[in-house]
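Asker: Could you have a look at this structure, given as structure tokens, before my questions?
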Amino acid sequence: MNTKKLLGVCLLFLLAACRQPFVPSAVDAVNPLMGTASTFAFSHGNTYPAVAIPWGMNFWSPQTGENGSGWMYAYGDTLLRGFRQTHQPSPWINDYGTFSIMPLSGELKLDDKERGVRFSHVEEQAAPHVYQVRLEDGTVASLAATARGAVMEVAWPAEVKSPYIVVDAYGHGGSVKVERESGLIHGVSRYNNGGVPDNFGNYFLVKFDKPMVETGTDEEGRAYARFDLQPGEKLTVRMASSFISPEQARLNFDREVNDRTLAEVTESARQVWEEMLGRIRVEGGTEEQRRVFYSCLYRTLLFPRSLTEFGPVNEPKYYSPYDGQVHNGEMYTDNGFWDTFRAVHPLFTLLYPEVSEGVQQSLLHAYAESGFLPEWASPGHRGCMIGNNSLSIAADAWLKGICVVDSAQLLEAMLHQTRARHAEISSVGRDGHEWYDSLGYVPYPEVPEATAKTLEYAYADWCLARFAESLGRMDIAEEYYAKAQNYRNVFYPEQGFVWAKDAQGRWRKDFDATEWGGPFTEGSSWHWTWSVLHDPEGLARLMGGHDVMAARLDSMFAAPNTYDYGTYGFVIHEIAEMVALDMGQYAHGNQPVQHAIYLYDYVAQPWKAQQRVREVMDRLYQSGPEGYCGDEDNGQTSAWYVFSALGFYPVCPGTGEYVLGSPLFDKATLSLPGGRTFVIHAEGNSPSRPYIRRATLNGREFTRNYLTHDELLQGGELVLEMDSVPNTMRGTQAEDLPYSYSHGKP
Ligand code: CA
């Protein structure tokens with residue numbers, strides 16, 4: 001480009017910049033340390049500061065815990081043991097294919113238990129795209145990430161003449177090999193906690209820009225290299241990896257990090273984050289609210305992980321964690337659908353449909369390669385949680401027009417998921433499906449967590465019915481709509497709550513709504529009674545009507561926060577978190593109850609939802625290390641905040657409806673596919689004015705308690721006039737209420 005042209009381009013940029021109002025950076029509002037002050041006994045999020053790009057194949061994190069600990073970074077720790085390539089979606093699932101790099105300034109110590117160096121949070125800067133820390137020994141390390149690689153810079157204090165780098169492939173049959181001449185350390189990490197085929201390996205390479213003057217390896221899969229540096233001379237470390245092969249790792253390396261500087265990688269990762277986070281712009285509110293919002297959005301955009309790599313002619317392919325073969329196409333993993341079907345995937349369908357498309361393909365790939373749809377994958381099937389929430393994700397995206405796979409194959413996979421169970425992993429497929437089909441519920445104690453399973457299967461059946469109906473398969477739709485009413489079979493009329501029944505149809509004795517475990521999953525009847533996402537109206541009628549259900553919701557918040565830990569036998573962290581958050585029996589720190597506040601909209605008392613969602617946003621989230629009131633869980637607890645701050649929440653994926661709450665910001669702008677925007681204005685908003693007095697949608701009076709996916713996608717403007725007192729007239733008519741199967745709406 002000649003100088004004249006360059007000047008012209010600069011001028012255009014300047015003009016464009018002048019026309020645009022100043023928009024503060026979304027990336028700068030993110031605090032990746034939100035939620036990191038967590039332990040086994042108490043979770044403030046169980047997060048780690050992932051340096052990554054959205055949905056990246058590899059994340060990177062400073063490591064403070066010992067190798068193998070799920071708490072790889074805990075805010076209260078004082079030693080840093082490495083900079084780690086990680087794929088961990090949750091401490092409870094742990095990591096796979098991980099390795100780490102540690103700079104040392106003095107004595108050579110290979111073992112992670114010995115090599116830790118003290119650090120302080122004062123000397124630490126964490127951002128989504130780059131992390132920097134100054135260790136107590138004066139070493140400054142900075143790392144920025146690409147999708148499959150990273151560039152790290154290490155600056156030792158001037159007096160350190162012969163520093164070391166340790167590369168740790170985490171044992172477990174992993175290995176490392178030093179190639180002095182080419183400045184490379186090759187390795188393979190075979191570390192895992194299950195969910196991988198026998199041939200699993202993460203092939204990585206690490207390249208230094210200064211000669212290694214002394215090197216060595218040990219039996220535990222660790223290597224070290226010593227460098228002779230001039231005072232002030234920095235070492236640049238470039239890394240990349242592949243789950244496919246060492247050759248593919250080289251290709252990923254050449255494309256993503258070779259010859260690139262830390263500054264370049266930092267800047268391009270920053271741009272990716274700014275674009276992705278910037279699809280939602282919020283204005284007004286406090287600086288802290290902005291920080292929480294974008295920190296939550298950052299978490300929502302990390303998982304699921306794309307395992308897709310690009311071959312020599314840029315063809316997408318992936319190593320299948322299901323059959324151990326390399327296939328063409330896309331694969332996403334590291335996701336607990338039990339968590340993320342609720343709000344993470346619905347957010348993708350709205351603002352990141354390209355990810356929903358990849359996920360939809362991944363579902364069928366997993367089915368083809370393993371015989372089942374995934375429910376909790378990391379990277380392959382894992383035994384964790386319950387339900388058939390893959391059906392929710394598949395149906396919701398399809399019904400919203402994301403249709404990139406063969407519908408007959410998808411229908412076959414969904415049907416199969418309800419009719420079979422994985423031979424070894426009870427949470428894949430449908431555990432207890434024979435009971436469920438013959439009795440209309442899963443019996444307890446014959447099957448563990450049976451009542452929770454009945455409720456989740458009934459919702460999944462409704463999702464399948466909706467999907468089948470959209471394909472014109474009314475035979476299947478009718479069968480599954482009927483099964484979707486099975487939630488009624490675990491509703492205990494004498495108590496007005498869900499409870500457990502044995503195979504003879506006898507109710508379990510000694511009803512106690514505060515007893516955890518047993519027929520439930522990580523909760524009690526207080527939490528699971530609300531799990532009728534597709535038919536809150538039917539649930540209300542079982543309870544005795546709208547007013548009874550509203551009063552029961554009221555009493556959930558008013559009840560004492562007592563508990564019986566039941567079959568868990570100890571205070572699991574979810575119980576401790578419910579007690580600590582002090583909202584009665586409402587346990588926002590875990591997923592089964594996270595939609596419950598929005599159920600007020602279904603029983604014609606929406607103002608109570610408006611007040612409660614604002615209370616939860618104000619009290620239970622903060623941008624610091626104690627940021628969450630329980631596990632963050634692959635974006636779900638974050639996506640709750642993102643949606644709620646916008647003013648609505650997808651209570652029942654599959655309906656395409658977003659149920660109104662109370663927006664946090666004065667203005668929020670959604671940048672939708674096709675260049676359209678949807679703007680939410682909250683006029684006269686303040687912490688003491690959470691109530692919606694009146695609303696208009698595109699200038700017309702709007703009385704409903706929900707928006708539809710199509711209304712959002714078309715673009716437009718929702719104006720909410722906020723007030724300090726509830727308007728008990730708005731949103732109370734039958735036509736204002738969101739979808740329930742029992743309303744008989746289409
Ligand atoms: Ca959870």
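Every chain in the structure tokens takes a letter, A first, then B, and so on in the order presented; its residues are numbered from 1, and the ligands are numbered from 1 following the presented order.
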Using only C-alpha atoms and all ligand atoms, which residues have at least one atom no more than 8 Å from ligand 1? Output them as a PyMOL selection string.

Answerer: chain A and resi 339+522+574+589-591+630-633

Asker: Need to verify the contact set: A:Leu235, 7 Å, only C-alpha atoms, exclusion of same-chain residues closer than 5 positions in sequence. Can you return it as a ChimeraX atom specification?

Answerer: /A:153-155,209-210

Asker: Take the selection from the previous step and output its residues with all heavy atoms, as a short mmCIF file (atom, residue, chain, number, x, y, z; two decimals), in the first residue's frame.

Answerer:
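Wrote out-v7.cif, looks like this:
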```cif
data_model
loop_
_atom_site.label_atom_id
_atom_site.label_comp_id
_atom_site.auth_asym_id
_atom_site.auth_seq_id
_atom_site.Cartn_x
_atom_site.Cartn_y
_atom_site.Cartn_z
N GLU A 153 5.76 -14.62 27.15
CA GLU A 153 7.02 -13.90 27.29
C GLU A 153 7.44 -13.97 28.73
O GLU A 153 6.62 -13.76 29.63
CB GLU A 153 6.82 -12.43 26.90
CG GLU A 153 7.57 -12.02 25.65
CD GLU A 153 7.29 -10.57 25.29
OE1 GLU A 153 7.25 -9.71 26.20
OE2 GLU A 153 7.10 -10.31 24.10
N VAL A 154 8.71 -14.26 28.94
CA VAL A 154 9.22 -14.32 30.31
C VAL A 154 10.39 -13.35 30.43
O VAL A 154 11.32 -13.38 29.61
CB VAL A 154 9.69 -15.74 30.68
CG1 VAL A 154 10.05 -15.80 32.16
CG2 VAL A 154 8.61 -16.77 30.36
N ALA A 155 10.34 -12.48 31.43
CA ALA A 155 11.43 -11.54 31.70
C ALA A 155 11.94 -11.81 33.12
O ALA A 155 11.18 -11.64 34.07
CB ALA A 155 10.95 -10.10 31.56
N ASP A 209 12.70 -18.91 21.59
CA ASP A 209 13.40 -18.05 20.62
C ASP A 209 14.86 -17.83 21.02
O ASP A 209 15.55 -17.06 20.37
CB ASP A 209 12.66 -16.73 20.43
CG ASP A 209 12.82 -15.79 21.62
OD1 ASP A 209 13.07 -16.29 22.74
OD2 ASP A 209 12.70 -14.57 21.44
N LYS A 210 15.31 -18.47 22.10
CA LYS A 210 16.72 -18.40 22.49
C LYS A 210 17.23 -19.84 22.64
O LYS A 210 16.45 -20.74 22.96
CB LYS A 210 16.88 -17.67 23.84
CG LYS A 210 16.26 -16.27 23.89
CD LYS A 210 17.08 -15.26 23.14
CE LYS A 210 16.50 -13.85 23.28
NZ LYS A 210 15.10 -13.69 22.90
#
```

Asker: For a quick check of understanding, using only C-alpha atoms, which of A:Phe337, A:Leu33, A:Asp461, A:Asn489 has the smallest distance to A:Ala477?

Answerer: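 When distances to A:Ala477 are compared using only C-alpha atoms, the smallest one comes from A:Asp461.
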
Asker: Which residues are close to A:Ala540, i.e. within 6 Å by only C-alpha atoms, leaving aside same-chain residues fewer than 4 positions away? Reply as a list in words.

Answerer: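 Everything that qualifies: Gly545, His546 and Met549 of chain A.
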
Asker: Using only C-alpha atoms, which protein or nucleic acid residues come within 8 Å of A:Arg222? Drop anything in the same chain fewer than 4 positions from it, and give the result as a PDB file with C-alpha atoms, in the first residue's frame.

Answerer:
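Result file follows (selection_36.pdb):
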```pdb
ATOM      1  CA  LEU A 110      10.834 -30.255  38.299  1.00  0.00           C
ATOM      2  CA  VAL A 166      10.124 -26.564  33.036  1.00  0.00           C
ATOM      3  CA  VAL A 167       7.663 -28.303  30.689  1.00  0.00           C
ATOM      4  CA  ASP A 168       5.382 -30.714  32.545  1.00  0.00           C
ATOM      5  CA  ALA A 169       3.270 -33.246  30.604  1.00  0.00           C
ATOM      6  CA  TYR A 170       1.554 -34.490  33.787  1.00  0.00           C
ATOM      7  CA  GLY A 171       2.722 -38.110  33.928  1.00  0.00           C
ATOM      8  CA  SER A 175       6.176 -37.879  27.432  1.00  0.00           C
ATOM      9  CA  VAL A 176       8.456 -35.074  26.334  1.00  0.00           C
ATOM     10  CA  THR A 217      13.963 -34.988  30.945  1.00  0.00           C
ATOM     11  CA  ASP A 218      12.679 -37.303  33.661  1.00  0.00           C
TER      12      ASP A 218
END
```

Asker: Can you work out the spacing between atom CA of A:Ala249 and atom CA of A:Thr146 in Å, to one decimal?

Answerer: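 For atom CA of A:Ala249 relative to atom CA of A:Thr146, the distance reads 13.2 Å.
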
Asker: Could you write out, as a PyMOL selection string, all the residues of stretch 363-575 of chain A that DSSP marks as alpha helix (DSSP H)?

Answerer: chain A and resi 363-370+390-399+407-419+433-439+450-470+474-483+525-528+536-543+546-558+573-575

Asker: Hey, could you make a per-residue contact list for stretch 412-468 of chain A against stretch 350-364 of chain A with 10 Å as the cut-off, showing the nearest pair of atoms and its distance in Å to one decimal, counting only C-alpha atoms, sorted by chain and number, as a tab-separated table?

Answerer:
```
residue	atom	partner	partner_atom	distance
A:Glu412	CA	A:Leu364	CA	9.9
A:Ala413	CA	A:Leu364	CA	7.3
A:Met414	CA	A:Leu364	CA	9.6
```

Asker: Using only N, CA and C atoms, please write the residues we just selected to a file, as a PDB file, in the first residue's frame.

Answerer:
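Below is the file result.pdb, written as the result:
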```pdb
ATOM      1  N   GLU A 412     -34.211 -39.702  14.800  1.00  0.00           N
ATOM      2  CA  GLU A 412     -33.820 -41.055  15.210  1.00  0.00           C
ATOM      3  C   GLU A 412     -32.941 -41.013  16.470  1.00  0.00           C
ATOM      4  N   ALA A 413     -31.973 -40.100  16.471  1.00  0.00           N
ATOM      5  CA  ALA A 413     -31.070 -39.988  17.626  1.00  0.00           C
ATOM      6  C   ALA A 413     -31.840 -39.585  18.879  1.00  0.00           C
ATOM      7  N   MET A 414     -32.789 -38.669  18.714  1.00  0.00           N
ATOM      8  CA  MET A 414     -33.552 -38.194  19.876  1.00  0.00           C
ATOM      9  C   MET A 414     -34.452 -39.310  20.415  1.00  0.00           C
TER      10      MET A 414
END
```

Asker: Rank nothing, just name the residue among A:Glu181, A:Glu449, A:Glu515, A:Glu264 nearest to A:Asn561, using only C-alpha atoms.

Answerer: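 The answer is A:Glu515, which sits nearest to A:Asn561.
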
Asker: Tell me which protein, DNA and RNA residues are within 10 Å of A:Leu297, counting only C-alpha atoms, leaving out same-chain ones fewer than 6 positions away, and put them as a PDB file with N, CA and C atoms, in the first residue's frame.

Answerer:
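Wrote it out as part07.pdb, contents follow:
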```pdb
ATOM      1  N   ALA A  26     -15.809  -3.546  26.136  1.00  0.00           N
ATOM      2  CA  ALA A  26     -16.420  -4.632  26.900  1.00  0.00           C
ATOM      3  C   ALA A  26     -15.344  -5.524  27.509  1.00  0.00           C
ATOM      4  N   VAL A  30     -14.199  -7.049  31.857  1.00  0.00           N
ATOM      5  CA  VAL A  30     -14.214  -8.449  32.311  1.00  0.00           C
ATOM      6  C   VAL A  30     -13.198  -8.678  33.418  1.00  0.00           C
ATOM      7  N   MET A 276     -17.188 -10.380  20.076  1.00  0.00           N
ATOM      8  CA  MET A 276     -18.160 -11.323  20.636  1.00  0.00           C
ATOM      9  C   MET A 276     -18.906 -10.716  21.830  1.00  0.00           C
ATOM     10  N   LEU A 277     -18.157 -10.107  22.742  1.00  0.00           N
ATOM     11  CA  LEU A 277     -18.813  -9.473  23.900  1.00  0.00           C
ATOM     12  C   LEU A 277     -19.656  -8.292  23.444  1.00  0.00           C
ATOM     13  N   GLY A 278     -19.187  -7.638  22.365  1.00  0.00           N
ATOM     14  CA  GLY A 278     -19.849  -6.428  21.894  1.00  0.00           C
ATOM     15  C   GLY A 278     -21.179  -6.683  21.208  1.00  0.00           C
ATOM     16  N   ILE A 280     -23.597  -7.563  22.678  1.00  0.00           N
ATOM     17  CA  ILE A 280     -24.527  -6.931  23.622  1.00  0.00           C
ATOM     18  C   ILE A 280     -23.835  -5.692  24.184  1.00  0.00           C
ATOM     19  N   ARG A 291     -19.199  -4.519  35.065  1.00  0.00           N
ATOM     20  CA  ARG A 291     -18.132  -5.511  35.251  1.00  0.00           C
ATOM     21  C   ARG A 291     -18.725  -6.912  35.450  1.00  0.00           C
ATOM     22  N   VAL A 344     -27.535 -21.006  28.450  1.00  0.00           N
ATOM     23  CA  VAL A 344     -26.348 -20.806  27.613  1.00  0.00           C
ATOM     24  C   VAL A 344     -26.691 -21.041  26.148  1.00  0.00           C
ATOM     25  N   GLY A 635     -20.910 -21.614  32.213  1.00  0.00           N
ATOM     26  CA  GLY A 635     -21.645 -20.469  31.689  1.00  0.00           C
ATOM     27  C   GLY A 635     -23.081 -20.335  32.171  1.00  0.00           C
ATOM     28  N   SER A 638     -23.807 -17.760  34.876  1.00  0.00           N
ATOM     29  CA  SER A 638     -23.504 -16.476  34.232  1.00  0.00           C
ATOM     30  C   SER A 638     -24.587 -16.087  33.235  1.00  0.00           C
ATOM     31  N   ALA A 639     -25.023 -17.047  32.424  1.00  0.00           N
ATOM     32  CA  ALA A 639     -26.035 -16.735  31.407  1.00  0.00           C
ATOM     33  C   ALA A 639     -27.343 -16.316  32.071  1.00  0.00           C
ATOM     34  N   TRP A 640     -27.614 -16.844  33.275  1.00  0.00           N
ATOM     35  CA  TRP A 640     -28.797 -16.386  34.022  1.00  0.00           C
ATOM     36  C   TRP A 640     -28.711 -14.877  34.229  1.00  0.00           C
ATOM     37  N   TYR A 641     -27.517 -14.421  34.611  1.00  0.00           N
ATOM     38  CA  TYR A 641     -27.333 -12.989  34.868  1.00  0.00           C
ATOM     39  C   TYR A 641     -27.419 -12.189  33.565  1.00  0.00           C
ATOM     40  N   VAL A 642     -26.785 -12.693  32.512  1.00  0.00           N
ATOM     41  CA  VAL A 642     -26.788 -11.973  31.235  1.00  0.00           C
ATOM     42  C   VAL A 642     -28.229 -11.746  30.766  1.00  0.00           C
ATOM     43  N   PHE A 643     -29.006 -12.834  30.728  1.00  0.00           N
ATOM     44  CA  PHE A 643     -30.404 -12.691  30.317  1.00  0.00           C
ATOM     45  C   PHE A 643     -31.174 -11.798  31.296  1.00  0.00           C
TER      46      PHE A 643
END
```

Asker: As a PyMOL selection string, please: the residues near A:Ile93 (cut-off 8 Å, only C-alpha atoms, same-chain neighbours under 2 positions excluded).

Answerer: chain A and resi 70+88-91+95+193+378

Asker: Take atom CA of A:Asp198 and atom CA of A:Phe310 and report the distance between them in Å, one decimal.

Answerer: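 Rounded to one decimal, the two atoms are 23.2 Å apart.
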
Asker: Given the choices A:Tyr628, A:Tyr96, A:Tyr224, A:Phe497, which gets closest to A:Gly45 if the distance is worked out from only C-alpha atoms?

Answerer: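 Of A:Tyr628, A:Tyr96, A:Tyr224, A:Phe497, the one nearest A:Gly45 is A:Tyr628, counting only C-alpha atoms.
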
Asker: From the list A:Gly56, A:Glu267, A:Trp507, A:Leu205, which residue is nearest A:Glu309 when using only C-alpha atoms?

Answerer: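 Checking each of A:Gly56, A:Glu267, A:Trp507, A:Leu205 against A:Glu309, counting only C-alpha atoms, the winner is A:Gly56.
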
Asker: Env of A:Gln248: 10 Å cut, atoms = only C-alpha atoms, seq-sep filter 5 positions within chain, self excluded. Answer as a list in words.

Answerer: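 The neighbour list is Tyr203, Phe204, Ala240, Ser241, Ser242, Phe243, Phe253, Asp254, Glu309, Phe310, Gly311 and Pro312 of chain A.
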
Asker: Nearest to A:Trp398 among A:Arg421, A:His327, A:Arg466, A:Lys453, with distances taken over only C-alpha atoms: which residue is it?

Answerer: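 Closest residue, counting only C-alpha atoms: A:Arg466.
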
Asker: Quick check, in Å to one decimal: how far apart do atom CA of A:Leu720 and atom CA of A:Val651 lie?

Answerer: 20.3 Å

Asker: If you run DSSP on this backbone, which residues of stretch 513-705 of chain A come out as strand (DSSP E), and could you give them as a VMD selection string?

Answerer: chain A and resid 648 to 649 657 to 660 667 to 671 677 to 683 691 to 697 700 to 701

Asker: Please dump the current selection as a short mmCIF file (atom, residue, chain, number, x, y, z; two decimals), in the first residue's frame; keep N, CA, C and O atoms.

Answerer:
```cif
data_model
loop_
_atom_site.label_atom_id
_atom_site.label_comp_id
_atom_site.auth_asym_id
_atom_site.auth_seq_id
_atom_site.Cartn_x
_atom_site.Cartn_y
_atom_site.Cartn_z
N PHE A 648 -35.12 -10.41 30.54
CA PHE A 648 -35.93 -11.60 30.24
C PHE A 648 -35.08 -12.86 30.33
O PHE A 648 -33.84 -12.78 30.37
N TYR A 649 -35.75 -14.02 30.35
CA TYR A 649 -35.05 -15.29 30.59
C TYR A 649 -35.79 -16.41 29.86
O TYR A 649 -37.02 -16.47 29.89
N GLU A 657 -39.81 -18.61 23.69
CA GLU A 657 -40.26 -17.45 24.47
C GLU A 657 -39.20 -17.04 25.50
O GLU A 657 -38.48 -17.89 26.04
N TYR A 658 -39.18 -15.74 25.76
CA TYR A 658 -38.30 -15.17 26.77
C TYR A 658 -39.20 -14.45 27.77
O TYR A 658 -39.93 -13.53 27.41
N VAL A 659 -39.15 -14.91 29.00
CA VAL A 659 -40.10 -14.45 30.02
C VAL A 659 -39.55 -13.21 30.72
O VAL A 659 -38.38 -13.17 31.12
N LEU A 660 -40.39 -12.20 30.87
CA LEU A 660 -39.92 -10.90 31.36
C LEU A 660 -39.58 -10.91 32.84
O LEU A 660 -40.28 -11.50 33.66
N LYS A 667 -30.23 0.93 29.17
CA LYS A 667 -30.36 0.60 27.76
C LYS A 667 -29.46 -0.59 27.45
O LYS A 667 -28.33 -0.66 27.92
N ALA A 668 -30.00 -1.52 26.68
CA ALA A 668 -29.19 -2.64 26.20
C ALA A 668 -29.49 -2.83 24.72
O ALA A 668 -30.65 -2.76 24.30
N THR A 669 -28.43 -3.04 23.94
CA THR A 669 -28.59 -3.20 22.49
C THR A 669 -28.04 -4.56 22.07
O THR A 669 -26.87 -4.86 22.32
N LEU A 670 -28.90 -5.36 21.46
CA LEU A 670 -28.48 -6.66 20.96
C LEU A 670 -28.17 -6.54 19.47
O LEU A 670 -29.02 -6.07 18.70
N SER A 671 -26.96 -6.95 19.07
CA SER A 671 -26.61 -6.99 17.64
C SER A 671 -26.92 -8.39 17.12
O SER A 671 -26.25 -9.35 17.45
N THR A 677 -30.84 -4.85 15.03
CA THR A 677 -30.62 -4.63 16.45
C THR A 677 -31.94 -4.65 17.19
O THR A 677 -32.98 -4.27 16.65
N PHE A 678 -31.89 -5.11 18.41
CA PHE A 678 -33.04 -5.03 19.30
C PHE A 678 -32.58 -4.26 20.53
O PHE A 678 -31.56 -4.57 21.13
N VAL A 679 -33.35 -3.22 20.88
CA VAL A 679 -32.94 -2.34 21.97
C VAL A 679 -33.96 -2.45 23.11
O VAL A 679 -35.18 -2.42 22.88
N ILE A 680 -33.44 -2.59 24.32
CA ILE A 680 -34.30 -2.59 25.50
C ILE A 680 -34.01 -1.31 26.28
O ILE A 680 -32.88 -1.09 26.72
N HIS A 681 -35.02 -0.47 26.40
CA HIS A 681 -34.90 0.76 27.19
C HIS A 681 -35.64 0.58 28.50
O HIS A 681 -36.79 0.16 28.50
N ALA A 682 -34.99 0.93 29.59
CA ALA A 682 -35.68 0.93 30.88
C ALA A 682 -35.70 2.37 31.38
O ALA A 682 -34.68 2.88 31.86
N GLU A 683 -36.83 3.01 31.22
CA GLU A 683 -36.92 4.43 31.56
C GLU A 683 -37.18 4.61 33.04
O GLU A 683 -38.03 3.93 33.62
N TYR A 691 -39.84 -2.21 39.20
CA TYR A 691 -41.14 -2.67 38.69
C TYR A 691 -41.47 -2.07 37.32
O TYR A 691 -41.17 -0.91 37.05
N ILE A 692 -42.13 -2.88 36.50
CA ILE A 692 -42.56 -2.41 35.17
C ILE A 692 -43.96 -1.81 35.31
O ILE A 692 -44.91 -2.52 35.64
N ARG A 693 -44.04 -0.51 35.08
CA ARG A 693 -45.36 0.14 35.14
C ARG A 693 -46.11 -0.06 33.84
O ARG A 693 -47.29 -0.37 33.81
N ARG A 694 -45.36 0.11 32.74
CA ARG A 694 -45.98 0.05 31.43
C ARG A 694 -44.90 -0.33 30.43
O ARG A 694 -43.71 -0.08 30.66
N ALA A 695 -45.31 -0.93 29.33
CA ALA A 695 -44.33 -1.31 28.31
C ALA A 695 -44.89 -1.07 26.92
O ALA A 695 -46.10 -1.16 26.70
N THR A 696 -43.97 -0.76 26.00
CA THR A 696 -44.35 -0.73 24.59
C THR A 696 -43.32 -1.52 23.80
O THR A 696 -42.13 -1.54 24.14
N LEU A 697 -43.81 -2.22 22.77
CA LEU A 697 -42.92 -2.92 21.85
C LEU A 697 -43.09 -2.27 20.48
O LEU A 697 -44.21 -2.24 19.94
N ARG A 700 -45.97 0.16 20.31
CA ARG A 700 -47.33 -0.28 20.61
C ARG A 700 -47.41 -0.86 22.02
O ARG A 700 -46.47 -1.51 22.49
N GLU A 701 -48.54 -0.60 22.66
CA GLU A 701 -48.76 -1.10 24.02
C GLU A 701 -48.42 -2.59 24.11
O GLU A 701 -48.82 -3.38 23.25
#
```

Asker: Nearest to A:Pro49: which of A:Ala141, A:Val428, A:Val130, A:Leu542 is it, counting only C-alpha atoms?

Answerer: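 Closest candidate: A:Val130.
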